[in-house]
$ cat upload_38.cif   # mmCIF, C-alpha atoms
data_structure
loop_
_atom_site.group_PDB
_atom_site.id
_atom_site.type_symbol
_atom_site.label_atom_id
_atom_site.label_comp_id
_atom_site.auth_asym_id
_atom_site.auth_seq_id
_atom_site.Cartn_x
_atom_site.Cartn_y
_atom_site.Cartn_z
ATOM 1 C CA MET Y 1270 -22.603 15.743 25.692
ATOM 2 C CA ILE Y 1271 -19.877 17.488 27.670
ATOM 3 C CA LYS Y 1272 -16.754 16.571 29.629
ATOM 4 C CA GLY Y 1273 -17.524 14.920 32.954
ATOM 5 C CA GLN Y 1274 -21.029 13.830 31.997
ATOM 6 C CA ARG Y 1275 -22.225 10.351 32.990
ATOM 7 C CA VAL Y 1276 -25.179 8.518 31.516
ATOM 8 C CA SER Y 1277 -26.568 4.989 31.384
ATOM 9 C CA ILE Y 1278 -25.876 3.176 28.137
ATOM 10 C CA LEU Y 1279 -29.533 2.085 28.125
ATOM 11 C CA GLU Y 1280 -30.508 5.752 27.857
ATOM 12 C CA ILE Y 1281 -28.444 5.938 24.690
ATOM 13 C CA THR Y 1282 -29.190 2.613 23.012
ATOM 14 C CA ASP Y 1283 -30.666 -0.809 23.684
ATOM 15 C CA GLU Y 1284 -28.861 -2.331 20.698
ATOM 16 C CA PRO Y 1285 -26.704 -5.380 21.562
ATOM 17 C CA SER Y 1286 -23.754 -3.825 19.688
ATOM 18 C CA PHE Y 1287 -22.752 -0.265 18.905
ATOM 19 C CA ASP Y 1288 -19.688 1.550 17.612
ATOM 20 C CA VAL Y 1289 -17.412 4.038 19.336
ATOM 21 C CA GLY Y 1290 -15.907 6.365 16.731
ATOM 22 C CA VAL Y 1291 -12.979 8.732 17.313
ATOM 23 C CA THR Y 1292 -11.716 11.483 15.015
ATOM 24 C CA MET Y 1293 -8.894 13.834 16.074
ATOM 25 C CA ASN Y 1294 -7.313 16.391 13.718
ATOM 26 C CA LEU Y 1295 -4.196 18.371 14.689
ATOM 27 C CA SER Y 1296 -3.409 21.827 13.349
ATOM 28 C CA GLY Y 1297 0.353 21.187 13.611
ATOM 29 C CA PRO Y 1298 2.804 18.309 13.127
ATOM 30 C CA GLY Y 1299 2.232 14.869 14.578
ATOM 31 C CA GLU Y 1300 -0.435 12.228 14.230
ATOM 32 C CA VAL Y 1301 -3.139 11.004 16.567
ATOM 33 C CA GLY Y 1302 -3.736 7.349 17.362
ATOM 34 C CA CYS Y 1303 -6.397 5.648 19.452
ATOM 35 C CA VAL Y 1304 -6.409 2.494 21.584
ATOM 36 C CA CYS Y 1305 -8.892 0.758 23.873
ATOM 37 C CA PHE Y 1306 -7.893 -0.524 27.331
ATOM 38 C CA CYS Y 1307 -10.181 -3.084 29.006
ATOM 39 C CA LEU Y 1308 -9.634 -2.979 32.772
ATOM 40 C CA ASP Y 1309 -10.312 -5.330 35.647
ATOM 41 C CA GLY Y 1310 -11.892 -4.507 39.006
ATOM 42 C CA ALA Y 1311 -8.577 -3.226 40.379
ATOM 43 C CA GLY Y 1312 -8.267 -0.677 37.563
ATOM 44 C CA GLY Y 1313 -5.480 -2.487 35.722
ATOM 45 C CA LEU Y 1314 -5.336 -3.845 32.186
ATOM 46 C CA ALA Y 1315 -7.035 -7.259 32.336
ATOM 47 C CA ASP Y 1316 -4.176 -8.719 30.265
ATOM 48 C CA ALA Y 1317 -2.414 -7.972 26.979
ATOM 49 C CA ARG Y 1318 -5.238 -9.519 24.949
ATOM 50 C CA TRP Y 1319 -7.551 -6.779 26.239
ATOM 51 C CA LEU Y 1320 -5.531 -3.944 24.719
ATOM 52 C CA VAL Y 1321 -7.406 -3.454 21.450
ATOM 53 C CA TYR Y 1322 -5.798 -1.550 18.567
ATOM 54 C CA GLU Y 1323 -4.554 -2.111 15.023
ATOM 55 C CA ASP Y 1324 -2.126 -4.938 15.856
ATOM 56 C CA ASN Y 1325 -4.561 -6.667 18.226
ATOM 57 C CA ALA Y 1326 -7.831 -5.898 16.508
ATOM 58 C CA VAL Y 1327 -10.091 -8.376 18.318
ATOM 59 C CA SER Y 1328 -10.363 -8.914 22.069
ATOM 60 C CA PRO Y 1329 -11.162 -12.311 23.609
ATOM 61 C CA VAL Y 1330 -14.673 -13.534 22.713
ATOM 62 C CA ALA Y 1331 -14.762 -10.697 20.129
ATOM 63 C CA ALA Y 1332 -16.341 -8.343 22.682
ATOM 64 C CA ILE Y 1333 -14.336 -5.378 21.323
ATOM 65 C CA ARG Y 1334 -13.232 -5.078 17.710
ATOM 66 C CA PHE Y 1335 -10.966 -2.452 16.168
ATOM 67 C CA MET Y 1336 -12.493 -1.616 12.780
ATOM 68 C CA GLY Y 1337 -9.948 0.960 11.586
ATOM 69 C CA ALA Y 1338 -11.311 3.957 9.707
ATOM 70 C CA ALA Y 1339 -15.023 3.236 9.383
ATOM 71 C CA ARG Y 1340 -18.412 4.930 9.256
ATOM 72 C CA GLY Y 1341 -16.970 8.432 8.984
ATOM 73 C CA ASP Y 1342 -14.358 8.223 11.758
ATOM 74 C CA SER Y 1343 -10.584 7.834 11.794
ATOM 75 C CA TYR Y 1344 -10.806 5.101 14.434
ATOM 76 C CA ASP Y 1345 -13.812 2.896 15.009
ATOM 77 C CA PHE Y 1346 -14.391 0.251 17.690
ATOM 78 C CA GLN Y 1347 -17.313 -2.160 17.693
ATOM 79 C CA VAL Y 1348 -18.507 -2.926 21.241
ATOM 80 C CA THR Y 1349 -20.747 -5.848 22.236
ATOM 81 C CA LEU Y 1350 -21.319 -5.360 25.961
ATOM 82 C CA GLY Y 1351 -23.207 -8.634 26.366
ATOM 83 C CA ASP Y 1352 -20.029 -10.529 25.445
ATOM 84 C CA VAL Y 1353 -17.748 -8.694 27.879
ATOM 85 C CA PRO Y 1354 -16.840 -11.113 30.727
ATOM 86 C CA GLU Y 1355 -17.392 -10.054 34.330
ATOM 87 C CA ALA Y 1356 -13.627 -9.840 34.857
ATOM 88 C CA VAL Y 1357 -13.643 -6.695 32.689
ATOM 89 C CA GLU Y 1358 -15.280 -3.751 34.457
ATOM 90 C CA ARG Y 1359 -14.132 -0.726 32.455
ATOM 91 C CA ILE Y 1360 -13.588 -0.110 28.749
ATOM 92 C CA VAL Y 1361 -11.454 2.994 28.241
ATOM 93 C CA PHE Y 1362 -10.786 4.822 24.961
ATOM 94 C CA VAL Y 1363 -7.530 6.787 24.783
ATOM 95 C CA ALA Y 1364 -6.235 9.101 22.050
ATOM 96 C CA PHE Y 1365 -2.556 10.035 21.866
ATOM 97 C CA VAL Y 1366 -0.204 12.190 19.819
ATOM 98 C CA SER Y 1367 2.582 10.351 18.026
ATOM 99 C CA GLY Y 1368 5.693 12.385 17.243
ATOM 100 C CA PRO Y 1369 5.822 16.160 17.691
ATOM 101 C CA GLY Y 1370 2.860 18.191 18.808
ATOM 102 C CA ALA Y 1371 0.453 18.068 21.726
ATOM 103 C CA MET Y 1372 -3.262 18.066 22.377
ATOM 104 C CA ASN Y 1373 -3.377 21.876 22.514
ATOM 105 C CA GLN Y 1374 -2.885 21.707 18.716
ATOM 106 C CA LEU Y 1375 -6.154 19.842 18.334
ATOM 107 C CA ALA Y 1376 -8.111 21.673 15.639
ATOM 108 C CA TYR Y 1377 -11.120 19.428 16.081
ATOM 109 C CA GLY Y 1378 -11.867 16.148 17.796
ATOM 110 C CA HIS Y 1379 -14.800 14.037 18.826
ATOM 111 C CA LEU Y 1380 -15.820 10.727 20.308
ATOM 112 C CA ARG Y 1381 -19.257 9.477 19.391
ATOM 113 C CA LEU Y 1382 -21.425 6.407 19.825
ATOM 114 C CA LYS Y 1383 -23.056 5.091 16.670
ATOM 115 C CA SER Y 1384 -25.526 2.430 15.674
ATOM 116 C CA GLY Y 1385 -24.726 1.665 12.072
ATOM 117 C CA GLU Y 1386 -24.696 5.019 10.314
ATOM 118 C CA ARG Y 1387 -26.873 6.656 12.981
ATOM 119 C CA GLU Y 1388 -25.132 8.862 15.537
ATOM 120 C CA LEU Y 1389 -26.341 8.364 19.109
ATOM 121 C CA VAL Y 1390 -24.224 10.832 21.124
ATOM 122 C CA ARG Y 1391 -21.218 13.051 20.408
ATOM 123 C CA TYR Y 1392 -18.525 14.500 22.688
ATOM 124 C CA VAL Y 1393 -16.568 17.331 21.045
ATOM 125 C CA LEU Y 1394 -13.025 18.385 22.007
ATOM 126 C CA SER Y 1395 -10.655 21.147 20.900
ATOM 127 C CA GLY Y 1396 -7.147 22.348 21.663
ATOM 128 C CA HIS Y 1397 -8.562 24.931 24.073
ATOM 129 C CA ASP Y 1398 -9.358 22.040 26.436
ATOM 130 C CA PHE Y 1399 -5.681 21.073 26.819
ATOM 131 C CA GLY Y 1400 -2.134 22.239 27.420
ATOM 132 C CA GLN Y 1401 0.936 20.185 26.511
ATOM 133 C CA GLU Y 1402 -0.731 16.834 27.149
ATOM 134 C CA LYS Y 1403 0.168 14.177 24.583
ATOM 135 C CA ALA Y 1404 -2.606 11.733 25.479
ATOM 136 C CA VAL Y 1405 -6.184 12.004 26.688
ATOM 137 C CA MET Y 1406 -8.531 9.493 28.250
ATOM 138 C CA LEU Y 1407 -11.575 10.303 26.147
ATOM 139 C CA ALA Y 1408 -14.273 8.158 27.698
ATOM 140 C CA GLU Y 1409 -14.920 5.006 29.642
ATOM 141 C CA ILE Y 1410 -17.785 2.543 29.651
ATOM 142 C CA TYR Y 1411 -18.032 1.004 33.111
ATOM 143 C CA ARG Y 1412 -20.237 -1.255 35.224
ATOM 144 C CA LYS Y 1413 -22.259 0.158 38.100
ATOM 145 C CA GLY Y 1414 -25.242 -1.363 39.887
ATOM 146 C CA GLY Y 1415 -25.657 -4.101 37.322
ATOM 147 C CA GLU Y 1416 -25.707 -1.756 34.304
ATOM 148 C CA TRP Y 1417 -23.223 -0.220 31.907
ATOM 149 C CA ARG Y 1418 -22.658 3.539 32.051
ATOM 150 C CA LEU Y 1419 -20.726 6.034 29.931
ATOM 151 C CA HIS Y 1420 -18.369 8.614 31.473
ATOM 152 C CA LEU Y 1421 -16.836 11.327 29.293
ATOM 153 C CA ASN Y 1422 -13.530 11.601 31.114
ATOM 154 C CA GLY Y 1423 -11.362 14.023 29.136
ATOM 155 C CA GLN Y 1424 -8.331 13.570 31.425
ATOM 156 C CA GLY Y 1425 -5.014 14.540 29.820
ATOM 157 C CA PHE Y 1426 -1.590 12.934 30.318
ATOM 158 C CA ALA Y 1427 1.544 15.026 29.841
ATOM 159 C CA GLU Y 1428 3.583 11.790 29.720
ATOM 160 C CA GLY Y 1429 1.627 10.664 26.680
ATOM 161 C CA ILE Y 1430 0.519 7.118 26.020
ATOM 162 C CA GLU Y 1431 3.346 5.754 28.175
ATOM 163 C CA GLY Y 1432 1.793 7.503 31.176
ATOM 164 C CA VAL Y 1433 -1.535 5.822 30.441
ATOM 165 C CA PHE Y 1434 0.108 2.404 30.359
ATOM 166 C CA ARG Y 1435 1.698 3.135 33.738
ATOM 167 C CA ARG Y 1436 -1.637 4.341 35.107
ATOM 168 C CA PHE Y 1437 -3.191 0.988 34.172
ATOM 169 C CA GLY Y 1438 -0.331 -1.117 35.558
ATOM 170 C CA ALA Y 1439 0.959 -2.150 32.133
ATOM 171 C CA SER Y 1440 4.485 -0.680 32.093
ATOM 172 C CA GLU Y 1441 6.057 -3.987 31.008
ATOM 173 C CA LEU Y 1442 3.643 -4.268 28.112
ATOM 174 C CA TRP Y 1443 4.510 -0.717 27.076
ATOM 175 C CA GLU Y 1444 8.223 -1.580 27.056
ATOM 176 C CA ALA Y 1445 7.508 -4.603 24.883
ATOM 177 C CA LEU Y 1446 5.356 -2.669 22.410
ATOM 178 C CA SER Y 1447 7.510 0.434 22.128
ATOM 179 C CA GLY Y 1448 10.850 -1.397 21.821
ATOM 180 C CA PRO Y 1449 12.433 -2.807 18.653
ATOM 181 C CA SER Y 1450 10.191 -5.033 16.589
ATOM 182 C CA PRO Y 1451 10.795 -8.797 16.820
ATOM 183 C CA GLY Y 1452 13.522 -9.820 14.384
ATOM 184 C CA ASP Y 1453 15.096 -6.352 14.321
ATOM 185 C CA ASP Y 1454 18.622 -7.512 15.211
ATOM 186 C CA VAL Y 1455 20.501 -5.042 13.028
ATOM 187 C CA THR Y 1456 23.055 -3.095 15.080
ATOM 188 C CA GLU Y 1457 24.139 0.354 13.983
ATOM 189 C CA ILE Y 1458 27.902 0.528 13.444
ATOM 190 C CA VAL Y 1459 29.599 3.840 14.164
ATOM 191 C CA LEU Y 1460 33.198 4.296 12.983
ATOM 192 C CA THR Y 1461 35.771 6.940 13.791
ATOM 193 C CA PRO Y 1462 37.449 8.638 10.791
ATOM 194 C CA GLU Y 1463 40.655 6.673 11.576
ATOM 195 C CA GLN Y 1464 38.796 3.341 11.503
ATOM 196 C CA ALA Y 1465 37.129 4.253 8.211
ATOM 197 C CA GLN Y 1466 40.521 5.051 6.647
ATOM 198 C CA GLU Y 1467 41.950 1.717 7.827
ATOM 199 C CA ILE Y 1468 39.032 -0.190 6.301
ATOM 200 C CA LEU Y 1469 39.399 1.660 3.000
ATOM 201 C CA ALA Y 1470 43.100 0.813 2.980
ATOM 202 C CA VAL Y 1471 42.350 -2.888 3.556
ATOM 203 C CA LEU Y 1472 39.792 -2.901 0.752
ATOM 204 C CA GLU Y 1473 42.216 -1.191 -1.614
ATOM 205 C CA ARG Y 1474 45.010 -3.706 -0.889
ATOM 206 C CA THR Y 1475 42.740 -6.749 -1.239
ATOM 207 C CA GLY Y 1476 41.432 -5.323 -4.478
ATOM 208 C CA HIS Y 1477 44.991 -5.461 -5.832
ATOM 209 C CA GLY Y 1478 45.593 -9.043 -4.717
ATOM 210 C CA GLU Y 1479 47.573 -8.157 -1.593
ATOM 211 C CA GLU Y 1480 47.217 -10.140 1.630
ATOM 212 C CA GLU Y 1481 44.202 -9.037 3.644
ATOM 213 C CA ASP Y 1482 44.993 -7.370 6.957
ATOM 214 C CA ALA Y 1483 42.900 -7.617 10.073
ATOM 215 C CA TRP Y 1484 39.953 -5.291 10.308
ATOM 216 C CA PRO Y 1485 40.317 -2.541 12.892
ATOM 217 C CA SER Y 1486 38.516 -3.087 16.184
ATOM 218 C CA GLN Y 1487 35.628 -0.922 17.223
ATOM 219 C CA GLY Y 1488 35.615 -0.225 20.956
ATOM 220 C CA ALA Y 1489 33.639 2.190 23.078
ATOM 221 C CA GLU Y 1490 36.922 3.697 24.245
ATOM 222 C CA GLU Y 1491 37.710 5.041 20.742
ATOM 223 C CA ASP Y 1492 37.473 8.822 20.606
ATOM 224 C CA GLY Y 1493 34.419 9.962 18.684
ATOM 225 C CA SER Y 1494 32.418 6.739 19.095
ATOM 226 C CA PRO Y 1495 29.139 7.459 20.895
ATOM 227 C CA ASP Y 1496 28.112 5.126 23.712
ATOM 228 C CA TYR Y 1497 24.928 3.103 23.224
ATOM 229 C CA GLU Y 1498 23.088 1.407 26.062
ATOM 230 C CA ASP Y 1499 22.103 -2.230 25.487
ATOM 231 C CA GLY Y 1500 18.751 -2.410 23.739
ATOM 232 C CA GLU Y 1501 18.608 1.340 23.074
ATOM 233 C CA ALA Y 1502 16.221 2.093 20.222
ATOM 234 C CA ALA Y 1503 16.946 4.655 17.531
ATOM 235 C CA PRO Y 1504 15.182 7.972 18.186
ATOM 236 C CA GLY Y 1505 11.839 8.483 16.511
ATOM 237 C CA PRO Y 1506 8.135 8.794 17.264
ATOM 238 C CA ILE Y 1507 6.999 7.112 20.483
ATOM 239 C CA GLU Y 1508 4.285 5.341 18.582
ATOM 240 C CA LYS Y 1509 3.237 4.733 15.025
ATOM 241 C CA PRO Y 1510 -0.491 5.221 15.509
ATOM 242 C CA PRO Y 1511 -1.946 3.004 16.615
ATOM 243 C CA THR Y 1512 0.879 0.403 16.642
ATOM 244 C CA LEU Y 1513 2.597 2.071 19.605
ATOM 245 C CA HIS Y 1514 6.049 1.997 18.038
#

$ encode --input "upload_38.cif" --output "structure tokens"
Amino acid sequence: MIKGQRVSILEITDEPSFDVGVTMNLSGPGEVGCVCFCLDGAGGLADARWLVYEDNAVSPVAAIRFMGAARGDSYDFQVTLGDVPEAVERIVFVAFVSGPGAMNQLAYGHLRLKSGERELVRYVLSGHDFGQEKAVMLAEIYRKGGEWRLHLNGQGFAEGIEGVFRRFGASELWEALSGPSPGDDVTEIVLTPEQAQEILAVLERTGHGEEEDAWPSQGAEEDGSPDYEDGEAAPGPIEKPPTLH
């Protein structure tokens, strides 16, 4: 199958469940992750429970399951369309680059539907299909006229996975997932050379039994101390595929 193609799921399989497998290999640095967004009739994420990935591996009523690396693919999702409630109208599979690199460094990629070990359809992608996009909407399974259909979308997002979250009205969820992990309350302390010397002097005196002096203050007005915004995360990959950190 090729980009842009649409087909009825019933033309592919009449099995109650099937797998959607994704494999994406980059020729350069960076890693590729994959997540599944389940959308409502307005085109927004139904709710946080319907974002299916490693840290939320099972959707409500187990309609979508993230299986990890399975049946020959890096990312595998088990889909049971009969269990998907009517409030969910689109099931979208998105691949994204974590860290350096972009989709134009894709050496080989595919999305395929599988029934057990049997391949039903395959959609192949390569870096020639993209520019500097860091995320791509691979495919969507959607309702139309009382049936489920498959659309091979192939739309890229230069903003990466964050842009996809915004597209689906889930910016707040993105902020929650990409921020510091719960319980990470360690604050980085940055000292000027003068402050470091004062602390060493205090430690040396107390080590010899002398009275301990007050520790030097650390203020943003000190020369050489970088300013940090409240809640600013340390730099690093946007996501740890597919945990989105």

$ closest_residue --input "upload_38.cif" --among "Y:Met1270, Y:Leu1279, Y:Met1406, Y:Leu1320" --to "Y:Arg1381" --atoms "only C-alpha atoms"
Y:Met1270

$ residues_around --input "upload_38.cif" --residues "Y:Ile1410" --least-positions-apart "3" --cutoff "8 Å" --atoms "all atoms listed in the file" --output "number ranges by chain"
Y: 1359-1361, 1417-1420

$ resolve_selection --input "upload_38.cif" --expression "the PyMOL selection byres ((chain Y and resi 1378) around 7)" --output "ChimeraX atom specification"
/Y:1292-1294,1375,1377,1379,1393-1395

$ atom_distance --input "upload_38.cif" --atom1 "atom CA of Y:Gly1290" --atom2 "atom CA of Y:Ser1384"
10.4 Å

$ closest_residue --input "upload_38.cif" --among "Y:Gly1429, Y:Gly1312, Y:Gly1423, Y:Gly1351" --to "Y:Lys1403" --atoms "all atoms listed in the file"
Y:Gly1429

$ atom_distance --input "upload_38.cif" --atom1 "atom CA of Y:Asn1422" --atom2 "atom CA of Y:Leu1380"
11.1 Å

$ atom_distance --input "upload_38.cif" --atom1 "atom CA of Y:Leu1446" --atom2 "atom CA of Y:Phe1346"
20.5 Å

$ residues_around --input "upload_38.cif" --residues "Y:Gly1297" --least-positions-apart "6" --cutoff "9 Å" --atoms "all atoms listed in the file" --output "count of residues only"
6

$ resolve_selection --input "upload_38.cif" --expression "the PyMOL selection byres ((chain Y and resi 1300-1302) around 8)" --output "PyMOL selection string"
chain Y and resi 1293-1295+1298-1299+1303-1304+1344+1364-1368+1509-1511

$ write_last_selection --input "upload_38.cif" --atoms "C-alpha atoms" --output "PDB file, in the frame of the given file"
ATOM      1  CA  MET Y1293      -8.894  13.834  16.074  1.00  0.00           C
ATOM      2  CA  ASN Y1294      -7.313  16.391  13.718  1.00  0.00           C
ATOM      3  CA  LEU Y1295      -4.196  18.371  14.689  1.00  0.00           C
ATOM      4  CA  PRO Y1298       2.804  18.309  13.127  1.00  0.00           C
ATOM      5  CA  GLY Y1299       2.232  14.869  14.578  1.00  0.00           C
ATOM      6  CA  CYS Y1303      -6.397   5.648  19.452  1.00  0.00           C
ATOM      7  CA  VAL Y1304      -6.409   2.494  21.584  1.00  0.00           C
ATOM      8  CA  TYR Y1344     -10.806   5.101  14.434  1.00  0.00           C
ATOM      9  CA  ALA Y1364      -6.235   9.101  22.050  1.00  0.00           C
ATOM     10  CA  PHE Y1365      -2.556  10.035  21.866  1.00  0.00           C
ATOM     11  CA  VAL Y1366      -0.204  12.190  19.819  1.00  0.00           C
ATOM     12  CA  SER Y1367       2.582  10.351  18.026  1.00  0.00           C
ATOM     13  CA  GLY Y1368       5.693  12.385  17.243  1.00  0.00           C
ATOM     14  CA  LYS Y1509       3.237   4.733  15.025  1.00  0.00           C
ATOM     15  CA  PRO Y1510      -0.491   5.221  15.509  1.00  0.00           C
ATOM     16  CA  PRO Y1511      -1.946   3.004  16.615  1.00  0.00           C
TER      17      PRO Y1511
END

$ closest_residue --input "upload_38.cif" --among "Y:Asp1309, Y:Ser1296, Y:Asp1352, Y:Gln1347" --to "Y:Val1321" --atoms "only C-alpha atoms"
Y:Gln1347

$ residues_around --input "upload_38.cif" --residues "Y:Ala1317" --least-positions-apart "5" --cutoff "12 Å" --atoms "only C-alpha atoms" --output "list in words"
Cys1305, Phe1306, Cys1307, Leu1308, Tyr1322, Asp1324, Asn1325, Ala1326, Val1327, Ser1328, Pro1329, Phe1434, Phe1437, Gly1438, Ala1439, Ser1440, Glu1441, Leu1442, Trp1443, Ala1445 and Leu1446 of chain Y

$ residues_around --input "upload_38.cif" --residues "Y:Gly1425" --least-positions-apart "4" --cutoff "7 Å" --atoms "all atoms listed in the file" --output "list in words"
Glu1402, Ala1404, Val1405 and Met1406 of chain Y

$ resolve_selection --input "upload_38.cif" --expression "the PyMOL selection byres ((chain Y and resi 1353) around 9)" --output "VMD selection string"
chain Y and resid 1329 to 1333 1348 to 1352 1354 to 1358

$ closest_residue --input "upload_38.cif" --among "Y:Val1390, Y:Met1372, Y:Thr1282, Y:Gly1385" --to "Y:Phe1426" --atoms "only C-alpha atoms"
Y:Met1372

$ closest_residue --input "upload_38.cif" --among "Y:Leu1389, Y:Lys1272, Y:Asp1345, Y:Gly1313" --to "Y:Glu1284" --atoms "all atoms listed in the file"
Y:Leu1389
